[in-house]
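Visitor: File work.txt below, compact mmCIF, C-alpha atoms:
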# COMPACT_ATOMS: atom_id res chain seq x y z
CA MET K 1380 -26.67 -36.54 7.58
CA ASP K 1381 -26.47 -35.58 11.25
CA GLU K 1382 -30.17 -35.39 12.09
CA PRO K 1383 -30.36 -39.13 12.98
CA PHE K 1384 -27.95 -38.27 15.79
CA HIS K 1385 -29.16 -34.79 16.76
CA VAL K 1386 -32.92 -35.49 16.89
CA PRO K 1387 -32.87 -38.52 19.26
CA GLN K 1388 -30.48 -36.64 21.54
CA ALA K 1389 -32.80 -33.61 21.65
CA LEU K 1390 -35.82 -35.84 22.32
CA ALA K 1391 -33.96 -37.49 25.20
CA TYR K 1392 -33.27 -34.07 26.73
CA CYS K 1393 -36.91 -33.08 26.26
CA ARG K 1394 -37.86 -36.16 28.29
CA GLY K 1395 -35.49 -35.06 31.03
CA GLU K 1396 -32.92 -37.78 30.32
CA TRP K 1397 -29.94 -35.51 30.89
CA SER K 1398 -27.46 -38.35 31.39
CA THR K 1399 -28.18 -39.79 27.94
CA TRP K 1400 -25.49 -39.01 25.37
CA ASP K 1401 -24.76 -40.47 21.94
CA SER K 1402 -21.03 -41.09 21.71
CA LYS K 1403 -21.11 -40.40 17.94
CA ILE K 1404 -22.02 -36.74 18.49
CA THR K 1405 -18.98 -34.48 18.27
CA THR K 1406 -20.49 -31.09 19.18
CA PRO K 1407 -21.56 -29.76 22.62
CA PRO K 1408 -25.23 -29.91 23.66
CA GLY K 1409 -26.12 -26.27 22.99
CA LEU K 1410 -28.60 -27.08 20.24
CA TYR K 1411 -30.46 -29.58 22.41
CA VAL K 1412 -30.56 -27.27 25.43
CA LEU K 1413 -32.00 -24.54 23.19
CA SER K 1414 -34.72 -26.95 22.07
CA VAL K 1415 -35.56 -27.83 25.67
CA LEU K 1416 -35.81 -24.14 26.60
CA LEU K 1417 -38.19 -23.48 23.72
CA HIS K 1418 -40.13 -26.60 24.68
CA ARG K 1419 -40.49 -25.48 28.31
CA ILE K 1420 -41.03 -21.74 27.77
CA PHE K 1421 -43.45 -21.85 24.83
CA ALA K 1422 -44.93 -25.31 25.51
CA LEU K 1423 -43.81 -26.52 22.10
CA ARG K 1424 -43.94 -30.19 21.33
CA CYS K 1425 -40.65 -31.99 20.90
CA ASN K 1426 -40.82 -33.61 17.48
CA LEU K 1427 -38.92 -33.37 14.23
CA SER K 1428 -41.05 -30.53 12.84
CA THR K 1429 -40.75 -28.27 15.87
CA LEU K 1430 -37.05 -29.02 16.26
CA ARG K 1431 -36.43 -27.96 12.67
CA SER K 1432 -38.70 -24.93 13.10
CA SER K 1433 -36.60 -23.71 16.02
CA VAL K 1434 -33.56 -23.53 13.73
CA THR K 1435 -35.62 -21.85 11.01
CA LEU K 1436 -36.76 -19.23 13.51
CA ILE K 1437 -33.14 -18.40 14.25
CA LEU K 1438 -32.46 -18.16 10.52
CA LEU K 1439 -35.24 -15.55 10.25
CA ILE K 1440 -33.58 -13.30 12.82
CA LEU K 1441 -30.12 -13.71 11.26
CA PRO K 1442 -30.50 -10.54 9.09
CA LEU K 1443 -30.85 -8.44 12.25
CA PHE K 1444 -27.40 -9.50 13.43
CA VAL K 1445 -25.83 -9.26 9.98
CA THR K 1446 -27.15 -5.69 9.71
CA ARG K 1447 -25.19 -4.64 12.78
CA LEU K 1448 -22.05 -6.42 11.56
CA LEU K 1449 -22.25 -4.68 8.18
CA ALA K 1450 -22.77 -1.29 9.84
CA PHE K 1451 -19.64 -1.87 11.94
CA HIS K 1452 -17.44 -2.59 8.93
CA GLN K 1453 -19.00 0.18 6.85
CA ARG K 1454 -18.70 2.58 9.81
CA SER K 1455 -22.30 3.68 9.39
CA ARG K 1456 -25.17 4.09 11.81
CA PRO K 1457 -27.30 0.92 11.87
CA PRO K 1458 -31.04 1.21 11.17
CA PRO K 1459 -33.68 0.66 13.88
CA LEU K 1460 -33.38 -2.64 15.75
CA PHE K 1461 -35.93 -4.68 13.83
CA LEU K 1462 -35.27 -3.21 10.39
CA PRO K 1463 -32.58 -5.20 8.52
CA THR K 1464 -30.87 -3.77 5.47
CA ALA K 1465 -31.26 -5.27 2.01
CA GLU K 1466 -27.62 -6.35 2.01
CA ALA K 1467 -28.10 -8.16 5.32
CA VAL K 1468 -31.15 -10.00 3.98
CA VAL K 1469 -29.23 -11.07 0.87
CA LEU K 1470 -26.22 -12.23 2.87
CA SER K 1471 -28.50 -14.19 5.20
CA THR K 1472 -29.65 -16.26 2.22
CA PHE K 1473 -26.10 -17.52 1.70
CA PRO K 1474 -26.65 -21.11 0.51
CA ILE K 1475 -25.04 -22.91 3.46
CA ALA K 1476 -27.03 -20.89 6.02
CA TRP K 1477 -30.22 -21.19 3.96
CA PHE K 1478 -29.99 -24.95 3.44
CA PHE K 1479 -29.17 -25.89 7.01
CA GLY K 1480 -31.63 -23.33 8.36
CA TYR K 1481 -34.42 -25.78 7.58
CA LEU K 1482 -32.79 -28.82 9.14
CA TYR K 1483 -31.93 -29.66 12.74
CA TYR K 1484 -28.26 -28.75 12.55
CA THR K 1485 -26.02 -26.56 14.71
CA GLU K 1486 -24.78 -24.30 11.89
CA VAL K 1487 -27.27 -21.42 12.05
CA PRO K 1488 -27.55 -21.18 15.88
CA SER K 1489 -23.76 -21.31 16.04
CA LEU K 1490 -23.47 -18.50 13.48
CA VAL K 1491 -25.99 -16.26 15.25
CA SER K 1492 -24.33 -16.77 18.64
CA VAL K 1493 -20.95 -15.83 17.15
CA LEU K 1494 -22.37 -12.72 15.47
CA ALA K 1495 -24.05 -11.70 18.74
CA THR K 1496 -20.71 -12.06 20.53
CA ILE K 1497 -19.00 -9.84 17.95
CA ILE K 1498 -21.75 -7.22 17.95
CA PHE K 1499 -21.77 -6.72 21.71
CA SER K 1500 -17.98 -6.73 21.79
CA ILE K 1501 -17.77 -3.91 19.24
CA GLN K 1502 -20.32 -2.01 21.34
CA ASP K 1503 -17.90 -2.28 24.31
CA GLN K 1504 -20.32 -4.48 26.26
CA HIS K 1505 -17.59 -7.00 26.97
CA CYS K 1506 -19.20 -8.84 29.88
CA LEU K 1507 -22.28 -9.59 27.79
CA ALA K 1508 -20.10 -10.46 24.80
CA ALA K 1509 -18.11 -12.91 26.94
CA ALA K 1510 -21.33 -14.51 28.21
CA LEU K 1511 -22.56 -14.90 24.64
CA GLY K 1512 -19.14 -16.28 23.73
CA ILE K 1513 -19.60 -19.03 26.31
CA ILE K 1514 -23.01 -19.81 24.81
CA SER K 1515 -21.50 -19.94 21.32
CA CYS K 1516 -18.99 -22.55 22.48
CA PHE K 1517 -21.93 -24.75 23.52
CA PHE K 1518 -22.82 -24.99 19.83
CA ARG K 1519 -19.29 -25.58 18.48
CA GLN K 1520 -16.01 -25.87 20.33
CA THR K 1521 -14.09 -23.96 17.65
CA ASN K 1522 -16.18 -20.87 18.40
CA ILE K 1523 -13.65 -20.08 21.12
CA VAL K 1524 -11.53 -18.67 18.29
CA TRP K 1525 -14.35 -16.33 17.25
CA VAL K 1526 -14.66 -15.08 20.84
CA LEU K 1527 -11.05 -13.91 20.63
CA TYR K 1528 -11.69 -12.53 17.15
CA ALA K 1529 -14.62 -10.49 18.50
CA PHE K 1530 -12.40 -8.85 21.09
CA SER K 1531 -9.57 -8.24 18.60
CA ALA K 1532 -11.86 -6.68 15.98
CA SER K 1533 -13.47 -4.36 18.50
CA GLN K 1534 -10.16 -3.14 19.91
CA LEU K 1535 -8.47 -2.65 16.55
CA MET K 1536 -11.33 -0.44 15.40
CA ARG K 1537 -11.22 1.53 18.67
CA LEU K 1538 -7.47 2.05 18.49
CA ARG K 1539 -7.63 3.02 14.84
CA PHE K 1540 -9.91 5.98 15.52
CA LYS K 1541 -8.67 6.84 18.97
CA ARG K 1542 -7.87 10.50 19.49
CA GLY K 1543 -4.53 11.61 20.82
CA ASP K 1544 -1.29 9.66 20.87
CA VAL K 1545 -1.71 6.18 19.43
CA LEU K 1546 1.11 3.74 20.14
CA LEU K 1547 -0.16 1.09 17.73
CA ARG K 1548 1.13 1.40 14.18
CA ASP K 1549 -1.67 0.27 11.86
CA PRO K 1550 -1.55 1.90 8.38
CA PRO K 1551 -4.20 1.46 5.66
CA ALA K 1552 -3.98 -2.10 4.34
CA LEU K 1553 -3.68 -1.29 0.63
CA LEU K 1554 -0.84 1.17 1.27
CA ALA K 1555 1.07 -1.03 3.69
CA SER K 1556 4.47 -2.50 2.87
CA PRO K 1557 6.25 -5.53 4.38
CA GLY K 1558 8.09 -3.08 6.61
CA ASP K 1559 4.78 -1.69 7.86
CA PHE K 1560 3.70 -5.22 8.76
CA ILE K 1561 6.81 -5.72 10.89
CA SER K 1562 6.35 -2.30 12.50
CA SER K 1563 2.72 -3.11 13.30
CA ILE K 1564 3.64 -6.38 14.98
CA LEU K 1565 6.44 -4.74 16.96
CA SER K 1566 4.09 -2.00 18.17
CA LEU K 1567 1.54 -4.43 19.66
CA PRO K 1568 3.30 -4.79 23.05
CA TYR K 1569 2.93 -1.03 23.62
CA VAL K 1570 -0.87 -1.30 23.75
CA VAL K 1571 -1.14 -4.46 25.87
CA SER K 1572 -1.70 -2.51 29.09
CA GLU K 1573 -4.56 -0.64 27.43
CA LEU K 1574 -6.21 -3.91 26.41
CA LEU K 1575 -6.04 -5.72 29.73
CA GLN K 1576 -9.12 -4.22 31.36
CA PRO K 1577 -11.60 -4.93 28.52
CA PHE K 1578 -10.05 -8.39 28.10
CA VAL K 1579 -10.82 -9.52 31.67
CA PRO K 1580 -14.28 -11.02 30.85
CA TYR K 1581 -12.78 -13.02 28.01
CA MET K 1582 -10.18 -14.47 30.39
CA LEU K 1583 -13.05 -16.24 32.14
CA VAL K 1584 -14.18 -17.70 28.82
CA LEU K 1585 -10.67 -18.96 28.12
CA ALA K 1586 -10.39 -20.44 31.62
CA LEU K 1587 -13.70 -22.29 31.29
CA PHE K 1588 -12.75 -23.56 27.85
CA GLY K 1589 -9.37 -24.71 29.13
CA GLY K 1590 -11.15 -26.57 31.93
CA PHE K 1591 -13.38 -28.29 29.39
CA VAL K 1592 -10.41 -29.39 27.28
CA PHE K 1593 -8.67 -30.76 30.38
CA TRP K 1594 -11.80 -32.60 31.55
CA ASN K 1595 -12.57 -33.97 28.09
CA GLY K 1596 -9.00 -34.95 27.27
CA GLY K 1597 -9.05 -32.83 24.10
CA ILE K 1598 -11.23 -30.47 22.12
CA VAL K 1599 -13.18 -33.19 20.24
CA LEU K 1600 -16.28 -34.72 21.82
CA GLY K 1601 -17.64 -38.15 21.03
CA ASP K 1602 -16.30 -39.78 17.87
CA LYS K 1603 -12.66 -38.81 18.36
CA ALA K 1604 -11.32 -41.51 16.02
CA ASN K 1605 -12.79 -39.85 12.90
CA HIS K 1606 -12.19 -36.26 14.02
CA VAL K 1607 -8.55 -36.20 15.04
CA PRO K 1608 -7.07 -32.69 14.66
CA VAL K 1609 -4.50 -32.68 11.87
CA MET K 1610 -2.42 -30.28 9.79
CA HIS K 1611 -4.81 -29.86 6.84
CA VAL K 1612 -3.20 -26.92 5.03
CA PRO K 1613 -5.15 -27.34 1.73
CA GLN K 1614 -8.36 -26.75 3.69
CA LEU K 1615 -7.47 -23.05 3.60
CA TYR K 1616 -7.17 -23.24 -0.19
CA TYR K 1617 -10.53 -24.98 -0.47
CA PHE K 1618 -12.13 -22.24 1.62
CA ILE K 1619 -10.84 -19.32 -0.43
CA SER K 1620 -11.90 -20.99 -3.69
CA PHE K 1621 -15.31 -21.91 -2.21
CA ALA K 1622 -15.76 -18.33 -1.00
CA THR K 1623 -14.93 -17.00 -4.47
CA VAL K 1624 -17.26 -19.39 -6.30
CA LEU K 1625 -20.21 -18.49 -4.09
CA GLY K 1626 -19.26 -14.87 -3.42
CA TRP K 1627 -18.11 -13.87 -6.90
CA PRO K 1628 -20.66 -11.04 -7.38
CA ALA K 1629 -19.29 -9.04 -4.44
CA VAL K 1630 -15.68 -9.83 -5.35
CA ILE K 1631 -15.69 -9.49 -9.13
CA LEU K 1632 -18.46 -7.01 -9.93
CA SER K 1633 -17.93 -4.34 -7.26
CA HIS K 1634 -15.46 -1.43 -7.36
CA GLY K 1635 -14.80 -1.22 -11.09
CA GLY K 1636 -15.71 -4.72 -12.19
CA PRO K 1637 -13.65 -7.71 -13.32
CA VAL K 1638 -11.29 -5.87 -15.66
CA ARG K 1639 -10.11 -3.44 -13.00
CA LEU K 1640 -9.86 -6.27 -10.47
CA ALA K 1641 -7.70 -8.32 -12.84
CA MET K 1642 -5.43 -5.32 -13.39
CA GLU K 1643 -5.10 -4.70 -9.65
CA VAL K 1644 -4.27 -8.36 -9.02
CA ALA K 1645 -1.68 -8.32 -11.81
CA MET K 1646 -0.06 -5.20 -10.34
CA ARG K 1647 0.33 -6.96 -6.99
CA ILE K 1648 2.06 -10.03 -8.37
CA ARG K 1649 5.82 -10.25 -7.90
CA ILE K 1650 7.44 -13.04 -9.89
CA ILE K 1651 9.97 -14.18 -7.30
CA LEU K 1652 7.52 -14.01 -4.41
CA THR K 1653 4.82 -15.76 -6.44
CA ALA K 1654 7.21 -18.53 -7.47
CA PHE K 1655 8.30 -19.06 -3.86
CA LEU K 1656 4.71 -19.07 -2.64
CA SER K 1657 3.67 -21.50 -5.40
CA ALA K 1658 6.46 -23.87 -4.43
CA ALA K 1659 5.43 -23.72 -0.76
CA MET K 1660 1.80 -24.35 -1.67
CA ALA K 1661 2.78 -27.28 -3.89
CA ILE K 1662 4.70 -28.82 -0.99
CA SER K 1663 1.69 -28.32 1.30
CA VAL K 1664 -0.61 -29.96 -1.25
CA ASN K 1665 1.77 -32.89 -1.56
CA ARG K 1666 2.36 -33.34 2.17
CA PHE K 1667 -0.94 -32.34 3.75
CA THR K 1668 -3.75 -33.33 1.36
CA ILE K 1669 -6.12 -35.65 3.26
CA HIS K 1670 -8.35 -38.26 1.66
CA HIS K 1671 -10.77 -38.56 4.57
CA PRO K 1672 -12.73 -41.86 4.73
CA PHE K 1673 -16.04 -39.97 4.99
CA LEU K 1674 -15.18 -37.90 1.92
CA LEU K 1675 -14.36 -41.02 -0.09
CA SER K 1676 -17.36 -43.08 1.00
CA ASP K 1677 -20.36 -40.79 1.59
CA ASN K 1678 -21.87 -40.22 -1.85
CA ARG K 1679 -24.75 -38.16 -0.47
CA HIS K 1680 -22.62 -34.99 -0.46
CA TYR K 1681 -21.51 -32.82 -3.37
CA THR K 1682 -17.94 -32.87 -2.08
CA PHE K 1683 -17.81 -36.62 -2.78
CA TYR K 1684 -18.28 -36.00 -6.49
CA VAL K 1685 -16.03 -32.93 -6.62
CA TRP K 1686 -13.26 -34.90 -4.97
CA ARG K 1687 -13.58 -38.04 -7.08
CA ARG K 1688 -14.33 -36.44 -10.45
CA VAL K 1689 -12.02 -33.43 -10.18
CA PHE K 1690 -9.28 -33.77 -7.60
CA MET K 1691 -8.75 -37.51 -8.11
CA ARG K 1692 -8.95 -37.44 -11.90
CA HIS K 1693 -5.16 -37.19 -12.18
CA PRO K 1694 -2.38 -36.74 -9.59
CA ILE K 1695 -1.42 -33.38 -11.11
CA VAL K 1696 -4.90 -31.85 -10.84
CA PRO K 1697 -4.59 -30.57 -7.21
CA TYR K 1698 -1.45 -28.67 -8.21
CA LEU K 1699 -3.14 -27.03 -11.20
CA PHE K 1700 -5.43 -25.10 -8.87
CA ILE K 1701 -2.56 -23.32 -7.09
CA PRO K 1702 -2.57 -20.21 -9.36
CA GLY K 1703 -6.33 -20.02 -8.90
CA TYR K 1704 -6.00 -20.16 -5.13
CA GLN K 1705 -3.56 -17.27 -5.23
CA ALA K 1706 -5.76 -15.20 -7.55
CA CYS K 1707 -8.78 -15.76 -5.31
CA ALA K 1708 -6.81 -14.73 -2.22
CA TRP K 1709 -5.57 -11.55 -3.90
CA ALA K 1710 -9.08 -10.69 -5.10
CA TRP K 1711 -10.53 -10.99 -1.61
CA TRP K 1712 -7.64 -9.04 -0.12
CA LEU K 1713 -8.19 -6.15 -2.53
CA ARG K 1714 -11.89 -6.01 -1.76
CA VAL K 1715 -11.65 -6.39 2.01
CA ALA K 1716 -8.62 -4.13 2.50
CA ARG K 1717 -10.16 -1.11 0.74
CA ASN K 1718 -11.86 0.11 3.90
CA GLN K 1719 -9.62 -1.28 6.62
CA SER K 1720 -6.24 -0.98 8.26
CA LEU K 1721 -3.51 -3.59 7.94
CA LEU K 1722 -4.18 -5.34 11.24
CA GLN K 1723 -7.94 -5.16 10.76
CA THR K 1724 -7.53 -6.98 7.47
CA LEU K 1725 -5.16 -9.59 8.85
CA VAL K 1726 -7.04 -10.51 12.02
CA LEU K 1727 -9.76 -12.48 10.22
CA PRO K 1728 -7.35 -14.71 8.23
CA LEU K 1729 -5.45 -15.30 11.46
CA ALA K 1730 -8.69 -16.47 13.09
CA ILE K 1731 -9.67 -18.62 10.13
CA VAL K 1732 -6.42 -20.60 10.26
CA PRO K 1733 -6.98 -22.31 13.66
CA THR K 1734 -10.64 -23.02 12.86
CA LEU K 1735 -10.03 -24.70 9.50
CA LEU K 1736 -6.44 -25.96 9.59
CA PRO K 1737 -7.04 -28.79 12.13
CA THR K 1738 -10.21 -30.11 10.44
CA PRO K 1739 -9.47 -33.29 8.45
CA LEU K 1740 -12.76 -33.41 6.52
CA LEU K 1741 -13.62 -31.20 3.54
CA GLU K 1742 -17.01 -29.98 4.66
CA PRO K 1743 -18.67 -26.77 3.32
CA ARG K 1744 -20.51 -26.29 6.63
CA TYR K 1745 -17.19 -25.44 8.26
CA PHE K 1746 -16.89 -22.47 5.89
CA LEU K 1747 -20.13 -20.76 6.96
CA ILE K 1748 -18.88 -18.47 9.74
CA PRO K 1749 -15.59 -17.56 8.00
CA TYR K 1750 -17.47 -16.69 4.81
CA ILE K 1751 -20.08 -14.47 6.51
CA LEU K 1752 -17.37 -12.58 8.39
CA LEU K 1753 -15.26 -12.23 5.23
CA ARG K 1754 -18.11 -11.08 3.00
CA ALA K 1755 -19.29 -8.58 5.62
CA GLN K 1756 -15.96 -6.77 5.28
CA VAL K 1757 -16.56 -5.95 1.60
CA ALA K 1758 -17.83 -2.39 1.83
CA GLY K 1759 -19.46 -0.31 -0.88
CA VAL K 1760 -21.36 -3.06 -2.69
CA GLY K 1761 -23.76 -1.33 -5.09
CA ARG K 1762 -27.42 -2.13 -5.60
CA SER K 1763 -26.91 -3.77 -8.96
CA VAL K 1764 -24.22 -6.03 -7.52
CA LEU K 1765 -26.46 -6.82 -4.59
CA VAL K 1766 -29.25 -7.84 -6.98
CA VAL K 1767 -26.89 -10.16 -8.84
CA GLU K 1768 -25.65 -11.61 -5.57
CA GLY K 1769 -29.19 -12.23 -4.36
CA LEU K 1770 -30.19 -13.90 -7.64
CA TRP K 1771 -27.04 -16.05 -7.54
CA TYR K 1772 -27.76 -17.20 -4.00
CA ALA K 1773 -31.39 -17.87 -4.94
CA THR K 1774 -30.34 -19.96 -7.93
CA VAL K 1775 -28.00 -22.08 -5.83
CA ASN K 1776 -30.62 -22.44 -3.09
CA LEU K 1777 -33.29 -23.45 -5.58
CA ALA K 1778 -31.02 -26.04 -7.20
CA THR K 1779 -29.77 -27.60 -3.96
CA THR K 1780 -33.24 -27.63 -2.39
CA TYR K 1781 -34.75 -29.23 -5.49
CA VAL K 1782 -32.08 -31.91 -5.58
CA PHE K 1783 -32.52 -32.58 -1.86
CA LEU K 1784 -36.32 -32.86 -2.04
CA TYR K 1785 -36.98 -34.43 -5.41
CA ARG K 1786 -33.83 -36.22 -6.57
CA GLU K 1787 -33.49 -38.87 -3.91
CA ARG K 1788 -31.80 -42.00 -5.24
CA ALA K 1789 -32.62 -45.50 -4.10
CA GLY K 1790 -29.84 -46.94 -2.02
CA VAL K 1791 -28.12 -43.56 -1.76
CA GLY K 1792 -30.56 -41.16 -0.10
CA ARG K 1793 -30.92 -37.40 -0.36
CA PHE K 1794 -28.13 -35.16 -1.64
CA MET K 1795 -26.98 -32.25 0.44
CA TRP K 1796 -24.02 -29.94 0.99
Would you write the structure of this file as structure tokens?
Guide:
Amino acid sequence: MDEPFHVPQALAYCRGEWSTWDSKITTPPGLYVLSVLLHRIFALRCNLSTLRSSVTLILLILPLFVTRLLAFHQRSRPPPLFLPTAEAVVLSTFPIAWFFGYLYYTEVPSLVSVLATIIFSIQDQHCLAAALGIISCFFRQTNIVWVLYAFSASQLMRLRFKRGDVLLRDPPALLASPGDFISSILSLPYVVSELLQPFVPYMLVLALFGGFVFWNGGIVLGDKANHVPVMHVPQLYYFISFATVLGWPAVILSHGGPVRLAMEVAMRIRIILTAFLSAAMAISVNRFTIHHPFLLSDNRHYTFYVWRRVFMRHPIVPYLFIPGYQACAWAWWLRVARNQSLLQTLVLPLAIVPTLLPTPLLEPRYFLIPYILLRAQVAGVGRSVLVVEGLWYATVNLATTYVFLYRERAGVGRFMW
């Protein structure tokens, strides 16, 4: 429940009280500055309804940005500017985006600013992409990672289809071997000189962000005591399982269906490697599982009940999910890697790690940007699968909205993600 913090801060800015700042707020003031701009430009009143409506307006234009992102990964020509595709509309109703698109939260503006950064980067408009990257960091500090991801994704695609001699070794992901991975990494220094010129605008973004971290004494604003960066390895496992539960239609039903997917996953499993990986994951669960005070005490969130009624039911329960985590990861890899090179497939997981690993709290909102970027890489989703996906999202949205609006409990409040 962040609105009791966000709304008064936005109202203070609307009154011109720029020196006012609530020390409990942990995100930069991008959302409030956006509200002030809309207030001044369109003469909108600054109240709860208009503040929420400004976020909803951004949610409505989200399909336009998702359309361009999907076209990039599918290597197809995007439709006219204001004509989103059906797949983009469905993906824009993803439950986390949909739910927080009607509240005064930073999630949807942050997502749109990140997508805009990526889109202009892949169009080789790097100065504009860098400027949008700076704006995105005013919504969430961790968006600095997505600025670097935008540049990396654009350059990997360019190098993959570059004509003439290509010094970067980047084979198709599904055909790549461990040796190909090593060769790809070793070939990266040979293309550094080619990447320097387009990277110059992003150097400014990094310099400004470094200055902020130095001035602030760290990346966390405000309530530093409850948001100390930690090594939260299981957060990556929670994300991949969350992505599979909500994105199962695109993962399970596309490209041959569940039977073929299960066979492909089984073919990829190597007993020794799987045993070693399982042992490493078990150690990480044992050493790095975090029982955050907010997770244990705030019973207005679904994660409170999942944690207490599932993960805390017995000490062995967290370890029982390890095979499921691995299966989910393999399933996503097989879907995403079908249309991409090895490095193209790896760059997103590499970006997800620094955004999720340091976060101590299990919070589905943190999964929004990683999920949208991951799901957008699943190419060739058929119409029937898209219909199922849309109905699934609609069912979840209907249930969570109904619970939020009509199942408020005395002494507890409204339930939300």
Visitor: For stretch 1749-1755 of chain K, find every residue with an atom within 7 Å (counting all atoms listed in the file), except residues of its own chain fewer than 6 positions away, and show them as a ChimeraX atom specification.
Guide: /K:1448-1449,1622,1731
Visitor: Could you make a table, as JSON lines, of the residues of stretch 1493-1599 of chain K that have an atom within 10 Å of an atom of stretch 1434-1446 of chain K, each with its nearest atom pair and distance in Å to one decimal, counting all atoms listed in the file, in chain and number order?
Guide:
{"residue": "K:Val1493", "atom": "CA", "partner": "K:Phe1444", "partner_atom": "CA", "distance": 9.8}
{"residue": "K:Leu1494", "atom": "CA", "partner": "K:Phe1444", "partner_atom": "CA", "distance": 6.3}
{"residue": "K:Ala1495", "atom": "CA", "partner": "K:Phe1444", "partner_atom": "CA", "distance": 6.7}
{"residue": "K:Ile1497", "atom": "CA", "partner": "K:Phe1444", "partner_atom": "CA", "distance": 9.5}
{"residue": "K:Ile1498", "atom": "CA", "partner": "K:Phe1444", "partner_atom": "CA", "distance": 7.6}
Visitor: Quote the spacing between atom CA of K:Phe1794 and atom CA of K:Thr1780 in Å to one decimal place.
Guide: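 Interatomic distance here is 9.1 Å.
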Visitor: Show me a table, sorted first by chain and then by increasing residue number, of the residues of stretch 1693-1752 of chain K having an atom at most 9 Å from stretch 1551-1567 of chain K, each with its shortest atom pair and the distance in Å to one decimal, counting only C-alpha atoms and written as a Markdown table.
Guide:
| residue | atom | partner | partner_atom | distance |
| --- | --- | --- | --- | --- |
| K:Trp1712 | CA | K:Leu1553 | CA | 8.7 |
| K:Leu1713 | CA | K:Leu1553 | CA | 7.3 |
| K:Ala1716 | CA | K:Ala1552 | CA | 5.4 |
| K:Arg1717 | CA | K:Leu1553 | CA | 6.5 |
| K:Asn1718 | CA | K:Pro1551 | CA | 8.0 |
| K:Gln1719 | CA | K:Ala1552 | CA | 6.1 |
| K:Ser1720 | CA | K:Pro1551 | CA | 4.1 |
| K:Leu1721 | CA | K:Ala1552 | CA | 3.9 |
| K:Leu1722 | CA | K:Ser1563 | CA | 7.5 |
| K:Gln1723 | CA | K:Ala1552 | CA | 8.1 |
| K:Thr1724 | CA | K:Ala1552 | CA | 6.8 |
| K:Leu1725 | CA | K:Ala1552 | CA | 8.8 |
Visitor: Restricted to C-alpha atoms, what would the selected residues look like written as an mmCIF file, in the coordinates of the input?
Guide:
data_model
loop_
_atom_site.group_PDB
_atom_site.id
_atom_site.type_symbol
_atom_site.label_atom_id
_atom_site.label_comp_id
_atom_site.auth_asym_id
_atom_site.auth_seq_id
_atom_site.Cartn_x
_atom_site.Cartn_y
_atom_site.Cartn_z
ATOM 1 C CA TRP K 1712 -7.640 -9.040 -0.120
ATOM 2 C CA LEU K 1713 -8.190 -6.150 -2.530
ATOM 3 C CA ALA K 1716 -8.620 -4.130 2.500
ATOM 4 C CA ARG K 1717 -10.160 -1.110 0.740
ATOM 5 C CA ASN K 1718 -11.860 0.110 3.900
ATOM 6 C CA GLN K 1719 -9.620 -1.280 6.620
ATOM 7 C CA SER K 1720 -6.240 -0.980 8.260
ATOM 8 C CA LEU K 1721 -3.510 -3.590 7.940
ATOM 9 C CA LEU K 1722 -4.180 -5.340 11.240
ATOM 10 C CA GLN K 1723 -7.940 -5.160 10.760
ATOM 11 C CA THR K 1724 -7.530 -6.980 7.470
ATOM 12 C CA LEU K 1725 -5.160 -9.590 8.850
#
Visitor: Just to confirm, what's the straight-line distance from atom CA of K:Val1664 to atom CA of K:Tyr1698 in Å (one decimal)?
Guide: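 Atom-to-atom, atom CA of K:Val1664 to atom CA of K:Tyr1698, that is 7.1 Å.
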Visitor: So that I can see what lies close to K:Thr1521, please list as a list in words the residues with an atom at most 12 Å from it, counting all atoms listed in the file and leaving out residues fewer than 6 positions away in the same chain.
Guide: Thr1405, Thr1406, Pro1407, Ser1489, Leu1490, Val1493, Gly1512, Ile1513, Ser1515, Leu1527, Tyr1528, Phe1588, Val1592, Ile1598, Val1599, Leu1600, Pro1608, Ala1730, Ile1731, Val1732, Pro1733, Thr1734, Leu1735, Leu1736, Pro1737, Thr1738, Tyr1745, Ile1748 and Pro1749 of chain K
Visitor: I'd like to know which of K:Ser1433, K:Leu1765, K:Ile1420, K:Cys1425 is closest to K:Gly1395, using only C-alpha atoms.
Guide: K:Cys1425
Visitor: Interatomic distance between atom CA of K:Ala1710 and atom CA of K:Arg1519?
Guide: 29.7 Å
Visitor: Env of K:Val1386: 9 Å cut, atoms = all atoms listed in the file, seq-sep filter 4 positions within chain, self excluded. Answer as JSON, numbers by chain.
Guide: {"K": [1381, 1382, 1390, 1391, 1411, 1426, 1427, 1430, 1483]}
Visitor: Those same residues, written as a short mmCIF file (atom, residue, chain, number, x, y, z; two decimals), in the coordinates of the input with C-alpha atoms?
Guide:
data_model
loop_
_atom_site.label_atom_id
_atom_site.label_comp_id
_atom_site.auth_asym_id
_atom_site.auth_seq_id
_atom_site.Cartn_x
_atom_site.Cartn_y
_atom_site.Cartn_z
CA ASP K 1381 -26.47 -35.58 11.25
CA GLU K 1382 -30.17 -35.39 12.09
CA LEU K 1390 -35.82 -35.84 22.32
CA ALA K 1391 -33.96 -37.49 25.20
CA TYR K 1411 -30.46 -29.58 22.41
CA ASN K 1426 -40.82 -33.61 17.48
CA LEU K 1427 -38.92 -33.37 14.23
CA LEU K 1430 -37.05 -29.02 16.26
CA TYR K 1483 -31.93 -29.66 12.74
#
Visitor: Excluding same-chain residues fewer than 6 positions from K:Thr1399, what lies within 10 Å of it counting only C-alpha atoms, as a PyMOL selection string?
Guide: chain K and resi 1387-1389+1391-1392
Visitor: Taking into account only C-alpha atoms, which residue in the set K:Ser1763, K:Thr1682, K:Asn1665, K:Thr1623 is nearest to K:Gln1705?
Guide: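 The shortest atom-to-atom distance to K:Gln1705 comes from K:Thr1623.
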